[in-house]
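Working notes for the structure below.
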Amino acid sequence: MRAVVFQEPQEKMEVEEVDRPEPDADGIVVETEACGICRSDWHAWQGDWDWVGVMPTPGLIFGHEPVGIVKEVGEDVENFSEGDRVCVPFNLSDGTCRYCKQGRANICERVIPLGFVSFQPGAFAEEFPVRNADHNVIKLPDNVDPVDVAGLGCRFATAFHGLVHRVDVTAGDWVAVHGCGGVGLSAVHIADALGANVIAVDLGEDKLDKAEELGADETVNVTEVQDVPQAVKGHTPSSRGVEVSVDALGVAETCRNSVNSLAKGGQNLQIGLTTSEEEGEVSLPVDTIVMDEREFIGSFGMPPHEYEEIFSMMEQDKIDPGKIVSETVALDDVPDVIASMDDYDTVGIPVCDEF
């Protein structure tokens, strides 16, 4: 079968013929219909994240936002059959650790990242395997378009889990989103669906325009202001700041801007991961965080049982992940799309849907 294969950090990936996967006894093989092309793929291709143990090796197949049709089922799998249409979270759990039993499978003690390690290849391929299928795989409703939900495995799911389950967003709150890439635009759309007043922050006017389409009430172009947090606060009542601020990019500047945009008692939601420039470390205004009782909260993917909430909101037309899909491409285009992310010009979520 054909797959996009990692060569070396920052060396263009190649489409090659590889062996088709076989399912483990507790796993399945999925024929890929669509897979989002994520900035996390770019990070791994760049050689980022070795400080958290993500070190791609030559021959790895990326792709962690897939939708597909179950093609083969392991003998111990109980919940899935050939022909089921499914999606898969990027952080695969074992279903047995204390966090899995608490309903927090996304932070499983033995989490395996789909498409980032050699023993769990990803979905930039005609087919891909999934381990522990009964714990990890989500069956899709009949009426959803595969391309529309191809971002659920990572960006949309991370933003949803963060805004719905990790911080406290209520109708009428002010929410700022710093960085309007795929996960940031997802956060804008979800915060708007929750009834928040949303302020989108970015340096690209095209991304800010898209954010307005997705529900942003105000925008801040960082190239046009001297003090981003003050510009954000200026849109809030009495310039008090926002109740929730989302750093959806992960560079030091956006992280600090996000924290400094908060009102007293506000919550910073960190969903952007850092680059090799920060290597996971960012200095923050600790004394202000303490004296204002601000909170700093992370969100990493989403446990499988929360997907039903997304599907329910989709059915009620409250959210539409498909609105964030910017383009569809063929498998042969994936290496160039990932390489082009150097420029941070991508608006929305590109999806590979031709294998």
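The chains in the structure tokens are called A, B, ... from first to last as shown; in each chain the residues are counted from 1, and the ligands are counted from 1 in the order shown.
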
Shell of 12 Å around segment 51-56 of chain A, only C-alpha atoms, local chain residues under 3 positions omitted, as a PyMOL selection string: chain A and resi 5-10+40-48+59-62+111-122+273-281

Segment 136-153 of chain A surroundings by only C-alpha atoms, 7 Å radius, close-in-sequence under 6 positions cut, as a list in words: Glu33, Ala34, Cys35, Gly36, His64, Glu65, Pro66, Val67, Asp84, Arg85, Val86, Cys87, Val88, Pro89, Phe90, Leu92, Ser93, Pro304, Pro321, Gly322, Val325, Val351 and Asp353 of chain A

Write the residues you've just listed into a file as an mmCIF file, in the first residue's frame, and include C-alpha atoms for each of them.
```cif
data_model
loop_
_atom_site.group_PDB
_atom_site.id
_atom_site.type_symbol
_atom_site.label_atom_id
_atom_site.label_comp_id
_atom_site.auth_asym_id
_atom_site.auth_seq_id
_atom_site.Cartn_x
_atom_site.Cartn_y
_atom_site.Cartn_z
ATOM 1 C CA GLU A 33 -11.025 7.930 4.138
ATOM 2 C CA ALA A 34 -9.670 11.249 5.425
ATOM 3 C CA CYS A 35 -6.949 12.513 7.738
ATOM 4 C CA GLY A 36 -6.271 16.026 8.947
ATOM 5 C CA HIS A 64 -3.153 11.306 13.717
ATOM 6 C CA GLU A 65 -6.540 12.853 12.785
ATOM 7 C CA PRO A 66 -8.153 10.002 10.821
ATOM 8 C CA VAL A 67 -11.574 8.867 9.744
ATOM 9 C CA ASP A 84 -18.002 0.463 10.623
ATOM 10 C CA ARG A 85 -17.000 4.080 10.002
ATOM 11 C CA VAL A 86 -14.779 5.293 12.834
ATOM 12 C CA CYS A 87 -12.507 8.045 14.047
ATOM 13 C CA VAL A 88 -9.568 7.676 16.417
ATOM 14 C CA PRO A 89 -8.072 9.995 19.061
ATOM 15 C CA PHE A 90 -4.345 10.596 18.720
ATOM 16 C CA LEU A 92 -4.272 5.870 22.500
ATOM 17 C CA SER A 93 -4.902 4.423 25.962
ATOM 18 C CA PRO A 304 -13.181 8.816 23.823
ATOM 19 C CA PRO A 321 -16.187 21.070 12.564
ATOM 20 C CA GLY A 322 -16.409 21.090 8.764
ATOM 21 C CA VAL A 325 -11.623 22.558 7.007
ATOM 22 C CA VAL A 351 -7.398 17.393 5.080
ATOM 23 C CA ASP A 353 -9.000 12.684 1.416
#
```

Separation of atom CA of Ile28 of chain A from atom CA of Val77 of chain A in Å: 7.8 Å

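Here atom CA of Ala171 of chain A is placed at a distance of 18.7 Å from atom CA of Ser239 of chain A.
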
Residues of segment 93-318 of chain A in alpha helix (DSSP H), written as a PyMOL selection string: chain A and resi 98-101+133-136+155-161+182-193+205-213+228-233+252-260+286-291+307-315
